[in-house]
Amino acid sequence: MICPHCQRDLKRKERSDYRCYYCRRQFALEPKEGDIVMHDVRVRKLADKLSDGGRLRYTLPQLWYAAARGRLRDPVDTAGVIGCTVVGLSVFVQLPIAVISSFDWGLILSAVLIMVGVWIVTYLVLKFALVPWCKRNGKVPMPEELEKFRSRVRRWEVVYREPPPRMADETNLVVPEIAEPRVAIVVPDRAVLACLAASGVPGEHEAALVGSLAHVPPGVPVIVLHDASPQGIRLACEARAAFGARTVTPGLRPNAVMGQEKAIKLRERRPTGAEMRSLRDLRPGLTEDELTWLGNGWYTPLASVPPAKLLAALTRAITRATSGPGAETATAERVGFLTWPGA
């Protein structure tokens with residue numbers, strides 16, 4: 001890793017006890033300690049991107065997702081591990097037979113044929129059974145649990161006496177109250193709610209930031225930000241049912257992330273049959289590709305969207321919600337709901 005102070009490239013033995021061998025100054029993060037590679041220089045680069053050059057604030061869960069982008073496990077990797085294990089065991093079992101019977105060409109040939117047979121069967125099982133099963137069912141969690149990641153990042157405050165640049169504390173959330181809001185923004189994700197509050201959204205847009213539909217103030221346009229998940233899509237539908245035409249839902253729709261290589265796409269469990277039937281009954285509905293994606297257990301959390309893109313989409317939604325039934329609004333309504341411009 002690179003020393004954040006003297007910029008020397010440090011080997012593991014040159015950075016013991018969180019201290020640079022050359023300049024003797026402490027650093028906060030050791031990249032070999034966690035499942036997500038993190039060091040001080042990378043934190044600063046991610047902080048600059050998340051804050052859009054210091055303009056916005058972000059939260060630790062948003063840093064967590066940004067640090068894991070491009071580093072999620074491929075579900076097919078499980079099949080590869082199983083296949084390598086089987087092939088390795090076959091060699092381990094058969095090789096001693098070949099060595100012990102080095103003068104018995106019949107036994108040697110039998111051992112070789114058995115190994116080749118095992119390899120062929122393993123390949124066929126992997127290709128036609130295990131790999132397809134893993135693609136449909138293999139879990140894709142975050143590489144490292146949030147609380148473990150949080151405990152590592154806490155060392156930053158120990159070393160530098162402050163949080164990473166521009167990071168807001170979502171565990172100590174304070175949302176400014178707006179006496180007469182002109183719009184309500186519903187954000188069930190606490191990390192995103194804290195990001196918007198710390199970035200000045202309530203004051204800039206005279207917006208009431210709330211965590212649920214139950215806390216929406218009366219008589220104002222309602223904007224719902226949500227995950228690309230069955231729960232998020234239902235929330236958008238519930239908002240439309242409750243608040244009607246004054247609802248705008250610029251949250252994540254599955255087709256906004258399905259083909260995005262850099263998007264955080266996770267899978268923990270597949271929805272039940274009842275859950276999928278309820279998704280099919282939603283109006284306006286999802287495409288078959290979106291239903292298949294959700295049915296296979298995929299979802300994308302709202303907190304994984306970079307704050308700059310989040311704010312850009314939110315600003316457009318506020319403009320649409322407060323501008324009245326103009327031509328732009330009518331066109332947007334015809335296109336559909338749960339779109340995420342620019343994501």
# chains A, B, ... in the order shown; residues from 1 in each chain; ligands from 1

$ closest_atom_pairs --of "segment 132-184 of chain A" --to "segment 213-235 of chain A" --cutoff "12 Å" --atoms "only C-alpha atoms" --output "Markdown table"
| residue | atom | partner | partner_atom | distance |
| --- | --- | --- | --- | --- |
| A:Glu177 | CA | A:Pro217 | CA | 11.5 |
| A:Ile178 | CA | A:Pro217 | CA | 10.6 |
| A:Ala179 | CA | A:Pro217 | CA | 10.4 |
| A:Glu180 | CA | A:Pro217 | CA | 9.3 |
| A:Pro181 | CA | A:Val220 | CA | 7.5 |
| A:Arg182 | CA | A:Val220 | CA | 5.9 |
| A:Val183 | CA | A:Pro221 | CA | 5.0 |
| A:Ala184 | CA | A:Val222 | CA | 4.9 |

$ residues_around --residues "Ser151 of chain A" --least-positions-apart "3" --cutoff "12 Å" --atoms "only C-alpha atoms" --output "PDB file with C-alpha atoms, in the first residue's frame"
ATOM      1  CA  ALA A  28      -5.657   4.358   9.849  1.00  0.00           C
ATOM      2  CA  LEU A  29      -6.420   1.335   7.652  1.00  0.00           C
ATOM      3  CA  GLU A  33      -7.393  -6.827   7.487  1.00  0.00           C
ATOM      4  CA  GLY A  34     -10.828  -6.861   5.858  1.00  0.00           C
ATOM      5  CA  LEU A  60     -20.675   5.223   6.003  1.00  0.00           C
ATOM      6  CA  TRP A  64     -19.307   0.703   2.162  1.00  0.00           C
ATOM      7  CA  GLU A 144     -17.826  -7.669   4.343  1.00  0.00           C
ATOM      8  CA  GLU A 145     -20.496  -7.050   6.974  1.00  0.00           C
ATOM      9  CA  LEU A 146     -21.374  -3.413   7.584  1.00  0.00           C
ATOM     10  CA  GLU A 147     -20.517  -3.442  11.288  1.00  0.00           C
ATOM     11  CA  LYS A 148     -17.117  -4.982  10.659  1.00  0.00           C
ATOM     12  CA  ARG A 154     -13.522   4.047  13.231  1.00  0.00           C
ATOM     13  CA  ARG A 155      -9.734   3.883  13.337  1.00  0.00           C
ATOM     14  CA  TRP A 156      -9.755   6.883  11.008  1.00  0.00           C
ATOM     15  CA  GLU A 157     -11.087   9.058  13.826  1.00  0.00           C
ATOM     16  CA  VAL A 158      -8.499   7.636  16.223  1.00  0.00           C
TER      17      VAL A 158
END

$ closest_residue --among "A:Ala207, A:Leu173, A:Val187, A:Leu279" --to "Leu310 of chain A" --atoms "only C-alpha atoms"
A:Val187

$ residues_around --residues "segment 247-261 of chain A" --least-positions-apart "5" --cutoff "9 Å" --atoms "only C-alpha atoms" --output "JSON, numbers by chain"
{"A": [70, 221, 222, 223, 224, 225, 226, 227, 228, 229, 232, 233, 236, 237, 239, 240, 242, 286, 287, 289, 290, 291, 293, 294, 298, 299, 300, 301, 302, 313, 314, 316, 317, 318, 320, 321, 337, 338, 339, 340, 341, 342, 343]}

$ write_last_selection --atoms "N, CA and C atoms" --output "compact mmCIF listing (two decimals), in the first residue's frame"
# COMPACT_ATOMS: atom_id res chain seq x y z
N GLY A 70 -17.61 -3.37 -7.96
CA GLY A 70 -16.68 -4.11 -8.80
C GLY A 70 -15.98 -5.25 -8.09
N PRO A 221 -46.91 17.74 -2.68
CA PRO A 221 -46.44 16.66 -3.55
C PRO A 221 -45.53 15.69 -2.79
N VAL A 222 -45.59 14.43 -3.16
CA VAL A 222 -44.84 13.38 -2.46
C VAL A 222 -43.87 12.72 -3.43
N ILE A 223 -42.60 12.70 -3.04
CA ILE A 223 -41.56 12.05 -3.84
C ILE A 223 -41.05 10.86 -3.07
N VAL A 224 -41.01 9.70 -3.70
CA VAL A 224 -40.60 8.46 -3.03
C VAL A 224 -39.31 7.95 -3.66
N LEU A 225 -38.27 7.84 -2.83
CA LEU A 225 -37.00 7.24 -3.25
C LEU A 225 -36.92 5.84 -2.65
N HIS A 226 -36.57 4.85 -3.44
CA HIS A 226 -36.64 3.48 -2.96
C HIS A 226 -35.64 2.58 -3.67
N ASP A 227 -35.45 1.38 -3.12
CA ASP A 227 -34.56 0.38 -3.70
C ASP A 227 -35.16 -0.23 -4.96
N ALA A 228 -34.29 -0.87 -5.75
CA ALA A 228 -34.76 -1.76 -6.81
C ALA A 228 -34.94 -3.13 -6.17
N SER A 229 -36.08 -3.29 -5.51
CA SER A 229 -36.38 -4.51 -4.76
C SER A 229 -37.90 -4.66 -4.70
N GLY A 232 -39.22 -2.09 -2.28
CA GLY A 232 -39.18 -0.73 -2.79
C GLY A 232 -40.27 -0.45 -3.81
N ILE A 233 -40.53 -1.41 -4.67
CA ILE A 233 -41.55 -1.23 -5.70
C ILE A 233 -42.94 -1.18 -5.08
N ALA A 236 -43.56 2.29 -3.63
CA ALA A 236 -43.96 3.26 -4.65
C ALA A 236 -45.43 3.10 -5.01
N CYS A 237 -45.88 1.87 -5.14
CA CYS A 237 -47.29 1.62 -5.46
C CYS A 237 -48.21 2.05 -4.33
N ALA A 239 -47.59 4.43 -2.24
CA ALA A 239 -47.61 5.90 -2.24
C ALA A 239 -48.59 6.41 -3.29
N ARG A 240 -48.58 5.81 -4.48
CA ARG A 240 -49.50 6.24 -5.52
C ARG A 240 -50.95 5.99 -5.11
N ALA A 242 -52.07 5.96 -2.05
CA ALA A 242 -52.42 6.83 -0.92
C ALA A 242 -52.53 8.30 -1.33
N LEU A 286 -44.42 -4.33 -14.06
CA LEU A 286 -43.03 -4.54 -14.43
C LEU A 286 -42.95 -5.38 -15.70
N THR A 287 -41.84 -5.26 -16.40
CA THR A 287 -41.64 -6.09 -17.58
C THR A 287 -41.30 -7.51 -17.14
N ASP A 289 -38.71 -9.21 -18.02
CA ASP A 289 -37.28 -9.25 -17.65
C ASP A 289 -37.07 -8.76 -16.21
N GLU A 290 -37.80 -7.71 -15.84
CA GLU A 290 -37.68 -7.19 -14.47
C GLU A 290 -38.22 -8.19 -13.46
N LEU A 291 -39.35 -8.80 -13.78
CA LEU A 291 -39.92 -9.80 -12.88
C LEU A 291 -38.98 -11.00 -12.72
N TRP A 293 -35.71 -10.95 -13.04
CA TRP A 293 -34.57 -10.48 -12.25
C TRP A 293 -34.90 -10.47 -10.76
N LEU A 294 -36.04 -9.90 -10.42
CA LEU A 294 -36.46 -9.88 -9.02
C LEU A 294 -36.79 -11.29 -8.53
N TRP A 298 -32.52 -10.94 -7.03
CA TRP A 298 -31.63 -9.78 -7.14
C TRP A 298 -32.28 -8.52 -6.59
N TYR A 299 -31.47 -7.65 -6.07
CA TYR A 299 -31.94 -6.31 -5.67
C TYR A 299 -30.75 -5.36 -5.62
N THR A 300 -31.04 -4.07 -5.73
CA THR A 300 -30.01 -3.03 -5.65
C THR A 300 -30.45 -2.02 -4.60
N PRO A 301 -29.66 -1.82 -3.55
CA PRO A 301 -30.04 -0.86 -2.50
C PRO A 301 -29.88 0.58 -2.96
N LEU A 302 -30.77 1.43 -2.50
CA LEU A 302 -30.73 2.84 -2.86
C LEU A 302 -29.42 3.50 -2.41
N ALA A 313 -31.21 13.21 -9.71
CA ALA A 313 -32.52 12.61 -9.97
C ALA A 313 -33.58 13.22 -9.06
N LEU A 314 -33.22 13.47 -7.82
CA LEU A 314 -34.17 14.06 -6.87
C LEU A 314 -34.55 15.48 -7.29
N ARG A 316 -34.61 16.73 -10.31
CA ARG A 316 -35.54 16.64 -11.44
C ARG A 316 -36.93 16.25 -10.97
N ALA A 317 -36.99 15.33 -10.01
CA ALA A 317 -38.30 14.90 -9.50
C ALA A 317 -39.01 16.04 -8.77
N ILE A 318 -38.28 16.84 -8.00
CA ILE A 318 -38.89 17.97 -7.29
C ILE A 318 -39.42 18.99 -8.29
N ARG A 320 -40.41 18.39 -11.33
CA ARG A 320 -41.60 17.82 -11.96
C ARG A 320 -42.79 17.86 -11.01
N ALA A 321 -42.55 17.57 -9.73
CA ALA A 321 -43.65 17.50 -8.77
C ALA A 321 -44.24 18.86 -8.46
N PHE A 337 -43.34 4.57 -14.39
CA PHE A 337 -42.88 4.97 -13.06
C PHE A 337 -41.68 4.15 -12.68
N LEU A 338 -41.07 4.55 -11.58
CA LEU A 338 -39.89 3.87 -11.05
C LEU A 338 -38.72 3.94 -12.01
N THR A 339 -38.57 5.05 -12.70
CA THR A 339 -37.39 5.24 -13.53
C THR A 339 -36.33 5.97 -12.74
N TRP A 340 -35.09 5.84 -13.17
CA TRP A 340 -33.99 6.50 -12.47
C TRP A 340 -33.10 7.17 -13.51
N PRO A 341 -33.39 8.44 -13.86
CA PRO A 341 -32.62 9.09 -14.91
C PRO A 341 -31.13 9.15 -14.57
N GLY A 342 -30.33 8.77 -15.52
CA GLY A 342 -28.89 8.91 -15.37
C GLY A 342 -28.21 7.86 -14.53
N ALA A 343 -28.91 6.90 -13.95
CA ALA A 343 -28.28 5.89 -13.13
C ALA A 343 -27.76 4.77 -14.00

$ residues_around --residues "segment 3-10 of chain A" --least-positions-apart "3" --cutoff "10 Å" --atoms "only C-alpha atoms" --output "list in words"
Lys13, Glu14, Arg15, Ser16, Arg19, Cys20, Tyr21, Tyr22, Cys23, Arg24, Arg25, Gln26, Phe27, Ala28, His39, Asp40, Val41, Arg42 and Arg44 of chain A
